[in-house]
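Remarks on the structure that follows.
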Amino acid sequence: MTANLTLAHLYPDLMRTYGDRGNVMALASRARWRGIDVDVVGVTRAERIPAGADLVLIGGGTDRAQETIGEDLRGRREELRDLSGAGTVVVGICGGYQFLGHRYVDADGVAIEGLGLLDVTTVAGQPRIIGNVRAAATFGGRSFELFGFENHGGRTTLGSGATPLATVGRGQGNNGRDRTEGAVQGSIVGTYLHGPVLPTNPAFADALLARALAAPGRPDAALAELDDRLEDEAHRLARARKR
Ligand code: GLN
């Protein structure tokens with residue numbers, strides 16, 4: 001039987017800062033709990049993303065890991081453009097988010113060309129931006145609060161093609177200047193939030209799933225309610241953090 005949801009985890013061996021695999025587990029579990037058959041496929045350098053992937057996730061990474069991946073990433077532009085053009089949801093976390101943009105100039109001044117799927121550009125600066133974040137987010141017509149942890153040297157600036165994923169109430173977000181956090185362009189989403197972010201923010205996970213399960217050009221899929229007592233408790237605890 002072919003899976004109802006194929007989830008590709010890009011560079012699971014190199015881009016996995018702060019347990020980004022937890023994001024993959026949250027997405028896969030929330031789909032399976034609804035009776036959806038899920039195929040999780042790890043894809044690293046020189047491997048192809050499955051043609052029918054519904055969702056691609058790239059986690060965070062150090063500058064060194066990002067430099068290591070740079071060349072492979074350049075060869076993926078077409079593959080990811082084709083997938084996203086066909087409606088595949090692409091999610092980038094921190095370093096993965098920077099890779100979805102035009103370029104990331106890291107702390108050593110090395111310019112790593114990104115996929116250009118998001119109209120954003122990132123340049124490393126000092127000091128690093130570190131701390132807990134609370135933000136008000138919107139994706140796919142759903143609005144929700146986001147809690148997470150940020151740790152990045154990169155300052156990301158959005159161009160006119162991308163809209164912010166969220167507005168920061170606590171923490172610094174994209175660049176510490178404009179109170180924006182993350183970016184959205186069609187079905188492409190980037191965020192600086194770690195945690196991992198999705199287990200603690202089930203509304204965000206569901207917004208991504210609803211889009212990934214929609215037929216191209218169709219409204220986001222309706223999802224059955226889940227028993228989220230544990231997730232809601234994690235969300236409440238994150239909200240209660242003082243700083
Ligand atoms: N290396 C990038 C930066 O420092 C991304 C960090 C991360 O993914 N946590 O901005």
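Chain labels follow the order of the structure tokens: the first chain is A, the next B, and so on; residue numbering restarts at 1 in every chain, and ligands are counted from 1 in their shown order.
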(request) Write out as a ChimeraX atom specification each polymer residue whose atoms come within 8 Å of range 20-25 of chain A, counting only C-alpha atoms; drop sequence neighbours fewer than 5 positions from it. (result) /A:7,9,12,15,57,59-60,93,194-199
Write out, as an mmCIF file, in the first residue's frame, the residues just selected, with N, CA, C and O atoms.
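For reference, result-v3.cif as written:
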```
data_model
loop_
_atom_site.group_PDB
_atom_site.id
_atom_site.type_symbol
_atom_site.label_atom_id
_atom_site.label_comp_id
_atom_site.auth_asym_id
_atom_site.auth_seq_id
_atom_site.Cartn_x
_atom_site.Cartn_y
_atom_site.Cartn_z
ATOM 1 N N LEU A 7 6.849 11.672 4.195
ATOM 2 C CA LEU A 7 7.552 12.750 4.876
ATOM 3 C C LEU A 7 9.051 12.549 4.691
ATOM 4 O O LEU A 7 9.604 11.535 5.112
ATOM 5 N N HIS A 9 12.831 13.602 5.491
ATOM 6 C CA HIS A 9 13.659 14.311 6.462
ATOM 7 C C HIS A 9 15.019 14.519 5.803
ATOM 8 O O HIS A 9 15.775 13.573 5.642
ATOM 9 N N PRO A 12 19.245 14.249 7.859
ATOM 10 C CA PRO A 12 19.027 13.916 9.270
ATOM 11 C C PRO A 12 20.336 13.675 10.025
ATOM 12 O O PRO A 12 20.369 13.765 11.251
ATOM 13 N N MET A 15 21.866 17.984 9.897
ATOM 14 C CA MET A 15 21.035 19.115 10.321
ATOM 15 C C MET A 15 20.033 18.603 11.360
ATOM 16 O O MET A 15 18.904 18.217 11.029
ATOM 17 N N LEU A 57 11.243 18.193 5.534
ATOM 18 C CA LEU A 57 11.693 18.972 6.693
ATOM 19 C C LEU A 57 13.217 18.984 6.765
ATOM 20 O O LEU A 57 13.855 17.953 6.622
ATOM 21 N N GLY A 59 16.223 20.352 9.363
ATOM 22 C CA GLY A 59 16.427 20.861 10.713
ATOM 23 C C GLY A 59 17.539 21.893 10.784
ATOM 24 O O GLY A 59 18.058 22.362 9.778
ATOM 25 N N GLY A 60 17.932 22.224 12.021
ATOM 26 C CA GLY A 60 18.969 23.222 12.251
ATOM 27 C C GLY A 60 20.357 22.598 12.235
ATOM 28 O O GLY A 60 20.504 21.378 12.299
ATOM 29 N N ILE A 93 13.979 24.571 9.729
ATOM 30 C CA ILE A 93 14.148 25.035 11.102
ATOM 31 C C ILE A 93 15.549 25.637 11.234
ATOM 32 O O ILE A 93 16.534 24.953 10.951
ATOM 33 N N HIS A 194 13.438 26.264 17.903
ATOM 34 C CA HIS A 194 13.799 24.897 18.271
ATOM 35 C C HIS A 194 12.906 24.489 19.429
ATOM 36 O O HIS A 194 12.085 25.236 19.906
ATOM 37 N N GLY A 195 13.175 23.357 19.944
ATOM 38 C CA GLY A 195 12.458 22.889 21.138
ATOM 39 C C GLY A 195 12.618 21.395 21.331
ATOM 40 O O GLY A 195 13.086 21.003 22.378
ATOM 41 N N PRO A 196 12.354 20.562 20.327
ATOM 42 C CA PRO A 196 11.824 20.873 18.993
ATOM 43 C C PRO A 196 10.450 21.565 19.060
ATOM 44 O O PRO A 196 9.721 21.378 20.014
ATOM 45 N N VAL A 197 10.172 22.339 18.034
ATOM 46 C CA VAL A 197 9.023 23.244 18.093
ATOM 47 C C VAL A 197 7.672 22.525 17.933
ATOM 48 O O VAL A 197 6.669 22.931 18.529
ATOM 49 N N LEU A 198 7.613 21.454 17.152
ATOM 50 C CA LEU A 198 6.282 20.913 16.816
ATOM 51 C C LEU A 198 5.609 20.116 17.940
ATOM 52 O O LEU A 198 4.389 20.229 18.103
ATOM 53 N N PRO A 199 6.337 19.312 18.738
ATOM 54 C CA PRO A 199 5.647 18.588 19.817
ATOM 55 C C PRO A 199 4.978 19.537 20.817
ATOM 56 O O PRO A 199 3.915 19.232 21.368
#
```
(request) Check range 51-227 of chain A with DSSP on the backbone and list each residue it calls strand (DSSP E), as a PyMOL selection string. (result) chain A and resi 55-58+89-93+103-105+111-113+120-139+142-158+166-170+180-181+183-185+188-191
(request) Using only C-alpha atoms and all ligand atoms, find each protein or nucleic acid residue lying at most 9 Å from ligand 1; present the set as JSON, numbers by chain. (result) {"A": [15, 16, 17, 18, 59, 60, 61, 62, 63, 64, 65, 66, 93, 94, 95, 96, 97, 98, 104, 106, 107, 122, 123, 124, 125, 128, 129, 150, 151, 152, 153, 154, 155, 156, 192, 193, 194]}
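Running DSSP on the backbone gives alpha helix (DSSP H) for these residues within range 75-170 of chain A: Arg77, Glu78, Glu79, Leu80, Arg81, Asp82, Leu83, Ser84, Gly85, Gly95, Gly96, Tyr97, Gln98, Phe99 and Leu100 of chain A.
The two atoms in question, CA of Gly186 in chain A and CA of Glu78 in chain A, are spaced 17.0 Å apart.
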(request) Rank nothing, just name the residue among A:Val189, A:Val89, A:Val133, A:Val184 nearest to Asp220 in chain A, using only C-alpha atoms. (result) A:Val89
(request) Can you work out which one of A:Arg32, A:Arg134, A:Arg218, A:Arg103 has the shortest atom-to-atom distance to Glu181 in chain A, counting only C-alpha atoms? (result) A:Arg134
(request) Tell me which protein, DNA and RNA residues are within 8 Å of Pro202 in chain A, counting only C-alpha atoms, leaving out same-chain ones fewer than 2 positions away, and put them as a list in words. (result) Leu198, Pro199, Thr200, Phe204, Ala205, Asp206, Asp228, Glu231 and Asp232 of chain A
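When CA of Glu79 in chain A is paired with CA of His102 in chain A, their separation reads 15.9 Å.
Between Gly87 in chain A and the residues A:Gly190, A:Thr163, A:Asp13, A:Val56, the shortest atom-to-atom distance, using only C-alpha atoms, involves A:Val56.
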(request) Tell me, as a count of residues only, which residues lie within 7 Å of Tyr11 in chain A, counting only C-alpha atoms; anything in the same chain fewer than 3 positions away does not count. (result) 6
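Comparing A:Gly159, A:Thr6, A:Gly92, A:Ala51 by their smallest distance to Ala31 in chain A, the closest is A:Thr6 (using only C-alpha atoms).
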(request) Please measure the separation of CA of Asp108 in chain A and CA of Glu67 in chain A, giving the value in Å to one decimal. (result) 10.2 Å
Applying 9 Å and only C-alpha atoms, which residues near Ala234 in chain A remain after dropping the ones on its own chain fewer than 4 positions away? List them as a tab-separated table (two decimals) with C-alpha atoms, in the first residue's frame.
```tsv
chain	number	residue	atom	x	y	z
A	199	PRO	CA	5.65	18.59	19.82
A	200	THR	CA	5.08	21.67	22.02
A	201	ASN	CA	3.02	23.52	19.45
A	229	ARG	CA	-3.79	16.92	26.99
A	230	LEU	CA	-0.05	16.18	27.13
A	238	ALA	CA	6.49	26.78	27.77
A	239	ARG	CA	4.22	29.81	28.14
```
(message) Env of Glu113 in chain A: 9 Å cut, atoms = only C-alpha atoms, seq-sep filter 4 positions within chain, self excluded. Answer as number ranges by chain.
(response) A: 70-71, 73-74, 99, 101-105
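Minimum distance to Val90 in chain A across A:Ala215, A:Glu145, A:Asn4, A:Asp54 (counting only C-alpha atoms) occurs at A:Asp54.
Among the candidates A:Val110, A:Val168, A:Gln126, A:Phe139, the residue lying nearest to Leu209 in chain A is A:Phe139 (atoms considered: only C-alpha atoms).
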